[in-house]
Each structure stands twice: as C-alpha cells, then as structure tokens.
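*Asks:* Here you go, this is protein07.cif (mmCIF, C-alpha atoms, pLDDT in the B column; chains and numbers go by the auth columns).
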```
data_final
loop_
_atom_site.group_PDB
_atom_site.id
_atom_site.type_symbol
_atom_site.label_atom_id
_atom_site.label_comp_id
_atom_site.label_asym_id
_atom_site.label_seq_id
_atom_site.Cartn_x
_atom_site.Cartn_y
_atom_site.Cartn_z
_atom_site.B_iso_or_equiv
_atom_site.auth_seq_id
_atom_site.auth_asym_id
ATOM 1 C CA MET A 1 37.306 120.367 -20.344 85.00 275 A
ATOM 2 C CA TYR A 2 39.646 119.538 -23.235 79.00 276 A
ATOM 3 C CA THR A 3 42.486 119.032 -20.727 83.00 277 A
ATOM 4 C CA VAL A 4 40.331 116.574 -18.767 85.00 278 A
ATOM 5 C CA PHE A 5 39.744 114.519 -21.928 80.00 279 A
ATOM 6 C CA VAL A 6 43.493 114.536 -22.671 81.00 280 A
ATOM 7 C CA LYS A 7 44.261 113.275 -19.158 84.00 281 A
ATOM 8 C CA LEU A 8 41.513 110.654 -18.962 81.00 282 A
ATOM 9 C CA VAL A 9 41.413 109.152 -22.442 81.00 283 A
ATOM 10 C CA LYS A 10 44.247 106.617 -22.731 77.00 284 A
ATOM 11 C CA GLU A 11 43.265 104.513 -25.734 75.00 285 A
ATOM 12 C CA THR A 12 44.930 105.466 -29.065 79.00 286 A
ATOM 13 C CA LYS A 13 41.829 106.015 -31.186 79.00 287 A
ATOM 14 C CA GLY A 14 40.168 107.953 -28.370 79.00 288 A
ATOM 15 C CA LEU A 15 43.213 110.211 -28.059 84.00 289 A
ATOM 16 C CA GLN A 16 43.121 110.810 -31.813 87.00 290 A
ATOM 17 C CA ILE A 17 39.530 111.982 -31.488 85.00 291 A
ATOM 18 C CA VAL A 18 40.430 114.317 -28.611 87.00 292 A
ATOM 19 C CA LYS A 19 43.543 115.728 -30.281 89.00 293 A
ATOM 20 C CA LYS A 20 41.629 116.349 -33.495 89.00 294 A
ATOM 21 C CA HIS A 21 39.905 119.123 -31.528 88.00 295 A
ATOM 22 C CA LYS A 22 43.099 120.609 -30.126 88.00 296 A
ATOM 23 C CA ASP A 23 42.421 123.997 -31.752 91.00 297 A
ATOM 24 C CA ASP A 24 38.663 124.345 -31.172 93.00 298 A
ATOM 25 C CA ARG A 25 38.564 122.477 -27.797 88.00 299 A
ATOM 26 C CA ASP A 26 34.878 121.773 -28.405 88.00 300 A
ATOM 27 C CA ALA A 27 34.089 119.500 -25.450 89.00 301 A
ATOM 28 C CA GLN A 28 30.547 118.676 -26.612 91.00 302 A
ATOM 29 C CA THR A 29 31.760 117.510 -30.018 91.00 303 A
ATOM 30 C CA ILE A 30 34.608 115.553 -28.426 88.00 304 A
ATOM 31 C CA TYR A 31 32.165 113.891 -26.052 87.00 305 A
ATOM 32 C CA LYS A 32 29.764 112.994 -28.901 86.00 306 A
ATOM 33 C CA GLU A 33 32.528 111.557 -31.077 83.00 307 A
ATOM 34 C CA LEU A 34 33.989 109.561 -28.176 82.00 308 A
ATOM 35 C CA SER A 35 30.543 108.267 -27.235 81.00 309 A
ATOM 36 C CA ASP A 36 29.851 107.216 -30.815 78.00 310 A
ATOM 37 C CA TYR A 37 33.231 105.502 -31.059 77.00 311 A
ATOM 38 C CA TYR A 38 32.999 103.645 -27.746 72.00 312 A
ATOM 39 C CA ALA A 39 29.401 102.585 -28.373 70.00 313 A
ATOM 40 C CA GLY A 40 30.174 101.421 -31.911 69.00 314 A
ATOM 41 C CA GLU A 41 33.590 100.417 -33.176 65.00 315 A
ATOM 42 C CA ALA A 42 35.306 100.029 -29.797 59.00 316 A
ATOM 43 C CA SER A 43 32.374 98.071 -28.429 64.00 317 A
ATOM 44 C CA GLN A 44 32.569 95.627 -31.336 73.00 318 A
ATOM 45 C CA MET A 45 36.325 95.212 -30.815 71.00 319 A
ATOM 46 C CA ALA A 46 35.768 94.528 -27.119 69.00 320 A
ATOM 47 C CA ILE A 47 33.141 91.877 -27.922 72.00 321 A
ATOM 48 C CA ALA A 48 35.502 90.244 -30.420 77.00 322 A
ATOM 49 C CA ASN A 49 38.299 90.230 -27.817 82.00 323 A
ATOM 50 C CA LEU A 50 35.984 88.647 -25.244 85.00 324 A
ATOM 51 C CA ASP A 51 34.929 86.010 -27.773 88.00 325 A
ATOM 52 C CA GLU A 52 38.597 85.243 -28.443 89.00 326 A
ATOM 53 C CA MET A 53 39.344 85.014 -24.711 89.00 327 A
ATOM 54 C CA GLU A 54 36.370 82.741 -24.126 92.00 328 A
ATOM 55 C CA ASN A 55 37.398 80.467 -27.001 91.00 329 A
ATOM 56 C CA SER A 56 40.949 80.234 -25.659 92.00 330 A
ATOM 57 C CA ILE A 57 39.537 79.154 -22.273 94.00 331 A
ATOM 58 C CA MET A 58 37.270 76.546 -23.835 92.00 332 A
ATOM 59 C CA GLU A 59 40.032 75.173 -26.078 92.00 333 A
ATOM 60 C CA ALA A 60 42.879 75.227 -23.542 92.00 334 A
ATOM 61 C CA GLU A 61 44.576 71.979 -22.568 89.00 335 A
ATOM 62 C CA ILE A 62 47.628 71.148 -20.552 87.00 336 A
ATOM 63 C CA PRO A 63 50.133 69.939 -23.161 80.00 337 A
ATOM 64 C CA GLU A 64 51.692 66.488 -22.872 77.00 338 A
ATOM 65 C CA VAL A 65 55.162 68.015 -23.019 78.00 339 A
ATOM 66 C CA ARG A 66 55.292 70.944 -20.647 79.00 340 A
ATOM 67 C CA ARG A 67 57.897 73.311 -19.312 83.00 341 A
ATOM 68 C CA GLN A 68 56.049 74.297 -16.177 84.00 342 A
ATOM 69 C CA SER A 69 54.498 72.479 -13.255 85.00 343 A
ATOM 70 C CA LEU A 70 50.927 71.258 -13.401 86.00 344 A
ATOM 71 C CA LEU A 71 50.029 73.574 -10.541 86.00 345 A
ATOM 72 C CA LEU A 72 51.434 76.579 -12.406 89.00 346 A
ATOM 73 C CA SER A 73 49.477 75.558 -15.520 90.00 347 A
ATOM 74 C CA MET A 74 46.309 75.342 -13.463 90.00 348 A
ATOM 75 C CA GLU A 75 46.978 78.693 -11.791 92.00 349 A
ATOM 76 C CA LYS A 76 47.572 80.393 -15.141 92.00 350 A
ATOM 77 C CA PHE A 77 44.358 78.869 -16.449 93.00 351 A
ATOM 78 C CA GLN A 78 42.499 80.214 -13.405 94.00 352 A
ATOM 79 C CA LEU A 79 44.006 83.665 -14.039 93.00 353 A
ATOM 80 C CA LYS A 80 42.829 83.517 -17.649 93.00 354 A
ATOM 81 C CA ILE A 81 39.273 82.922 -16.432 94.00 355 A
ATOM 82 C CA ASP A 82 39.627 85.731 -13.872 92.00 356 A
ATOM 83 C CA ASP A 83 40.837 88.093 -16.630 88.00 357 A
ATOM 84 C CA PHE A 84 37.831 87.149 -18.736 89.00 358 A
ATOM 85 C CA ASN A 85 35.450 87.779 -15.828 89.00 359 A
ATOM 86 C CA ASN A 86 37.072 91.146 -15.080 85.00 360 A
ATOM 87 C CA LEU A 87 36.311 92.288 -18.627 81.00 361 A
ATOM 88 C CA ALA A 88 33.021 90.523 -19.294 83.00 362 A
ATOM 89 C CA PRO A 89 29.623 92.138 -18.818 82.00 363 A
ATOM 90 C CA PRO A 90 27.424 90.405 -16.209 86.00 364 A
ATOM 91 C CA ASP A 91 25.584 88.315 -18.806 88.00 365 A
ATOM 92 C CA ARG A 92 28.882 86.735 -19.996 87.00 366 A
ATOM 93 C CA PHE A 93 30.437 86.230 -16.560 90.00 367 A
ATOM 94 C CA MET A 94 31.653 82.661 -15.892 95.00 368 A
ATOM 95 C CA ASN A 95 30.195 81.397 -12.633 95.00 369 A
ATOM 96 C CA ASP A 96 31.871 78.787 -10.417 95.00 370 A
ATOM 97 C CA ALA A 97 30.030 75.876 -12.040 95.00 371 A
ATOM 98 C CA GLN A 98 31.253 76.958 -15.480 95.00 372 A
ATOM 99 C CA LYS A 99 34.787 77.429 -14.130 95.00 373 A
ATOM 100 C CA LEU A 100 34.699 73.887 -12.750 94.00 374 A
ATOM 101 C CA VAL A 101 33.550 72.459 -16.082 94.00 375 A
ATOM 102 C CA HIS A 102 36.372 74.289 -17.893 94.00 376 A
ATOM 103 C CA LEU A 103 38.951 73.235 -15.291 93.00 377 A
ATOM 104 C CA LYS A 104 37.939 69.564 -15.584 91.00 378 A
ATOM 105 C CA ARG A 105 38.200 69.755 -19.354 91.00 379 A
ATOM 106 C CA PHE A 106 41.546 71.567 -19.075 91.00 380 A
ATOM 107 C CA ILE A 107 43.090 68.749 -16.991 88.00 381 A
ATOM 108 C CA LYS A 108 41.334 65.740 -18.553 86.00 382 A
ATOM 109 C CA ASN A 109 44.293 64.620 -20.706 84.00 383 A
ATOM 110 C CA VAL A 110 46.822 64.633 -17.872 85.00 384 A
ATOM 111 C CA PRO A 111 47.137 61.163 -16.294 83.00 385 A
ATOM 112 C CA GLU A 112 48.671 62.565 -13.088 79.00 386 A
ATOM 113 C CA LEU A 113 45.588 64.705 -12.529 80.00 387 A
ATOM 114 C CA GLN A 114 43.078 61.920 -13.072 79.00 388 A
ATOM 115 C CA SER A 115 43.912 60.503 -9.642 82.00 389 A
ATOM 116 C CA ILE A 116 43.157 63.960 -8.228 83.00 390 A
ATOM 117 C CA ASN A 117 39.806 63.820 -10.020 82.00 391 A
ATOM 118 C CA SER A 118 39.015 60.582 -8.167 84.00 392 A
ATOM 119 C CA MET A 119 40.153 62.065 -4.846 88.00 393 A
ATOM 120 C CA VAL A 120 37.894 65.097 -5.341 88.00 394 A
ATOM 121 C CA ASN A 121 34.964 62.723 -5.933 85.00 395 A
ATOM 122 C CA VAL A 122 35.793 60.882 -2.703 87.00 396 A
ATOM 123 C CA MET A 123 36.069 64.155 -0.770 88.00 397 A
ATOM 124 C CA CYS A 124 32.722 65.321 -2.158 86.00 398 A
ATOM 125 C CA THR A 125 31.105 62.040 -1.121 86.00 399 A
ATOM 126 C CA GLY A 126 32.500 62.551 2.376 82.00 400 A
ATOM 127 C CA GLN A 127 31.054 66.035 2.568 82.00 401 A
ATOM 128 C CA LEU A 128 27.672 64.773 1.353 81.00 402 A
ATOM 129 C CA ARG A 129 27.654 62.144 4.087 83.00 403 A
ATOM 130 C CA SER A 130 28.273 64.838 6.660 83.00 404 A
ATOM 131 C CA GLY A 131 25.210 66.681 5.381 84.00 405 A
ATOM 132 C CA ARG A 132 26.941 69.377 3.338 85.00 406 A
ATOM 133 C CA ALA A 133 26.791 69.500 -0.439 87.00 407 A
ATOM 134 C CA PRO A 134 30.093 70.838 -1.818 91.00 408 A
ATOM 135 C CA THR A 135 29.780 73.845 -4.096 92.00 409 A
ATOM 136 C CA ALA A 136 31.558 74.206 -7.415 92.00 410 A
ATOM 137 C CA LEU A 137 33.987 76.605 -5.735 93.00 411 A
ATOM 138 C CA ASP A 138 34.682 73.985 -3.034 92.00 412 A
ATOM 139 C CA LYS A 139 35.542 71.482 -5.761 91.00 413 A
ATOM 140 C CA ILE A 140 37.811 73.926 -7.581 92.00 414 A
ATOM 141 C CA GLN A 141 39.655 74.583 -4.325 91.00 415 A
ATOM 142 C CA MET A 142 40.003 70.831 -3.787 90.00 416 A
ATOM 143 C CA TYR A 143 41.726 70.444 -7.160 88.00 417 A
ATOM 144 C CA PHE A 144 44.239 73.151 -6.296 88.00 418 A
ATOM 145 C CA THR A 145 44.767 71.896 -2.736 87.00 419 A
ATOM 146 C CA LEU A 146 45.368 68.321 -3.875 85.00 420 A
ATOM 147 C CA GLN A 147 47.749 69.477 -6.605 78.00 421 A
ATOM 148 C CA LEU A 148 49.837 71.254 -3.933 68.00 422 A
ATOM 149 C CA GLN A 149 50.414 67.981 -2.073 65.00 423 A
#
```
Now, as a test, write the supplied structure out as structure tokens.
*Replies:*
Amino acid sequence: MYTVFVKLVKETKGLQIVKKHKDDRDAQTIYKELSDYYAGEASQMAIANLDEMENSIMEAEIPEVRRQSLLLSMEKFQLKIDDFNNLAPPDRFMNDAQKLVHLKRFIKNVPELQSINSMVNVMCTGQLRSGRAPTALDKIQMYFTLQLQ
C-alpha cells in the first residue's frame, strides 16, 4: 500500500507525509495523516487560491495599451473563468449569467468593444421578436462572434 501512496500522491507536502513512513510503511497512519492534511491545511490553501482567482476575474480589465488582440484578451479571460470553474466546488461555480456580467465589466473600458455591446443588444432584441429569449451563454457567444468579424 505504501507504494500506491508513493505513486498517487504528487503534491510536495503529501509526499513528505508518505516518505516519513518509508521505514514502517504504516498505510493506516499515512492515510490518517494525509486525510488530516488535505481536510485542514491543504483545504485552506485551496480556498485561498480560489479566492485569489475569483478576485483576479472580478478585477480584470483590458488595458488601454495592449500587446495582444482584443479577441485574444477575451479568450484568455474566458479561460481564466474556465480554470476557476474547474477547481471550484459546486457552490462557487460561476454560471453563464455571472460569466456574462464579468465579461461585460472586463470589456467596458474598451471603446472598440462598446459598439459590439450595442450590436449584441440589437441581436438580442431580434431574437426576442422572433419569440426566443437569448440566454446568457448566447450573449457571450455573440460577443466572441462579433469580435471575430
């Protein structure tokens, strides 16, 4: 069982716990110590990292002077949200409506993207007239589609 722990545990502190029992190979003690660590200290670090990620999403803006295209900035921002959602527990997951709010805030200071904002509103009005209410995901896709043009 010790060998299984060595192969499966990849995180530094976890490996230290496992290797501390190299001589006795006491799997029950290793399991208890790993459980205590991951439920306590590691859990708190993970929460702090998620908080930091969430703050960086909420504070992100496209800079006035930029070295990359607006589309690339938007795509990287979307990836940042996806990374957050991949790590977040279900109660912290950002749904499409929240993603849309963050995307709108992310692009609000870019004059070139304000015309896209107006076009998305027009497209949404068109969909409403045809009897279909656009979802938040539809609107996000509109922003990316219009930025491609």
*Asks:* How would you write, as a ChimeraX atom specification, the residues chosen by the PyMOL selection byres ((chain A and resi 353-360) around 12) on this structure?
*Replies:* /A:320-321,323-332,334,346-352,361-370,372-377,380
*Asks:* Just so the selection is clear, what residues does the PyMOL selection byres ((chain A and resi 304) around 12) cover here, as a VMD selection string?
*Replies:* chain A and resid 275 to 280 283 288 to 303 305 to 311
*Asks:* Compile the contact shell of Lys382 of chain A as a PyMOL selection string: residues with an atom at most 9 Å away, counting only C-alpha atoms, same-chain residues fewer than 6 positions apart removed.
*Replies:* chain A and resi 335-336+388+391
*Asks:* Take atom CA of Leu411 of chain A and atom CA of Ala371 of chain A and report the distance between them in Å, one decimal.
*Replies:*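 Separating atom CA of Leu411 of chain A from atom CA of Ala371 of chain A is a distance of 7.5 Å.
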*Asks:* Pull out every residue that the PyMOL selection byres ((chain A and resi 413) around 10) matches in the shown coordinates and put them as a ChimeraX atom specification.
*Replies:* /A:370-371,374,391,394-395,397-398,408-412,414-419
*Asks:* Just checking: using all atoms listed in the file, which residue out of A:Ala407, A:Leu420, A:Leu344, A:Ala322 ends up closest to Ser392 of chain A?
*Replies:*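 For Ser392 of chain A, the nearest of the candidates is A:Leu420.
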*Asks:* How far is it from atom CA of Glu333 of chain A to atom CA of Glu386 of chain A, in Å with one decimal?
*Replies:*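 Result for atom CA of Glu333 of chain A versus atom CA of Glu386 of chain A: 20.1 Å, one decimal.
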*Asks:* Report, in Å with one decimal, the straight-line distance from atom CA of Asn383 of chain A to atom CA of Gln401 of chain A.
*Replies:*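 Between atom CA of Asn383 of chain A and atom CA of Gln401 of chain A the gap is 26.8 Å.
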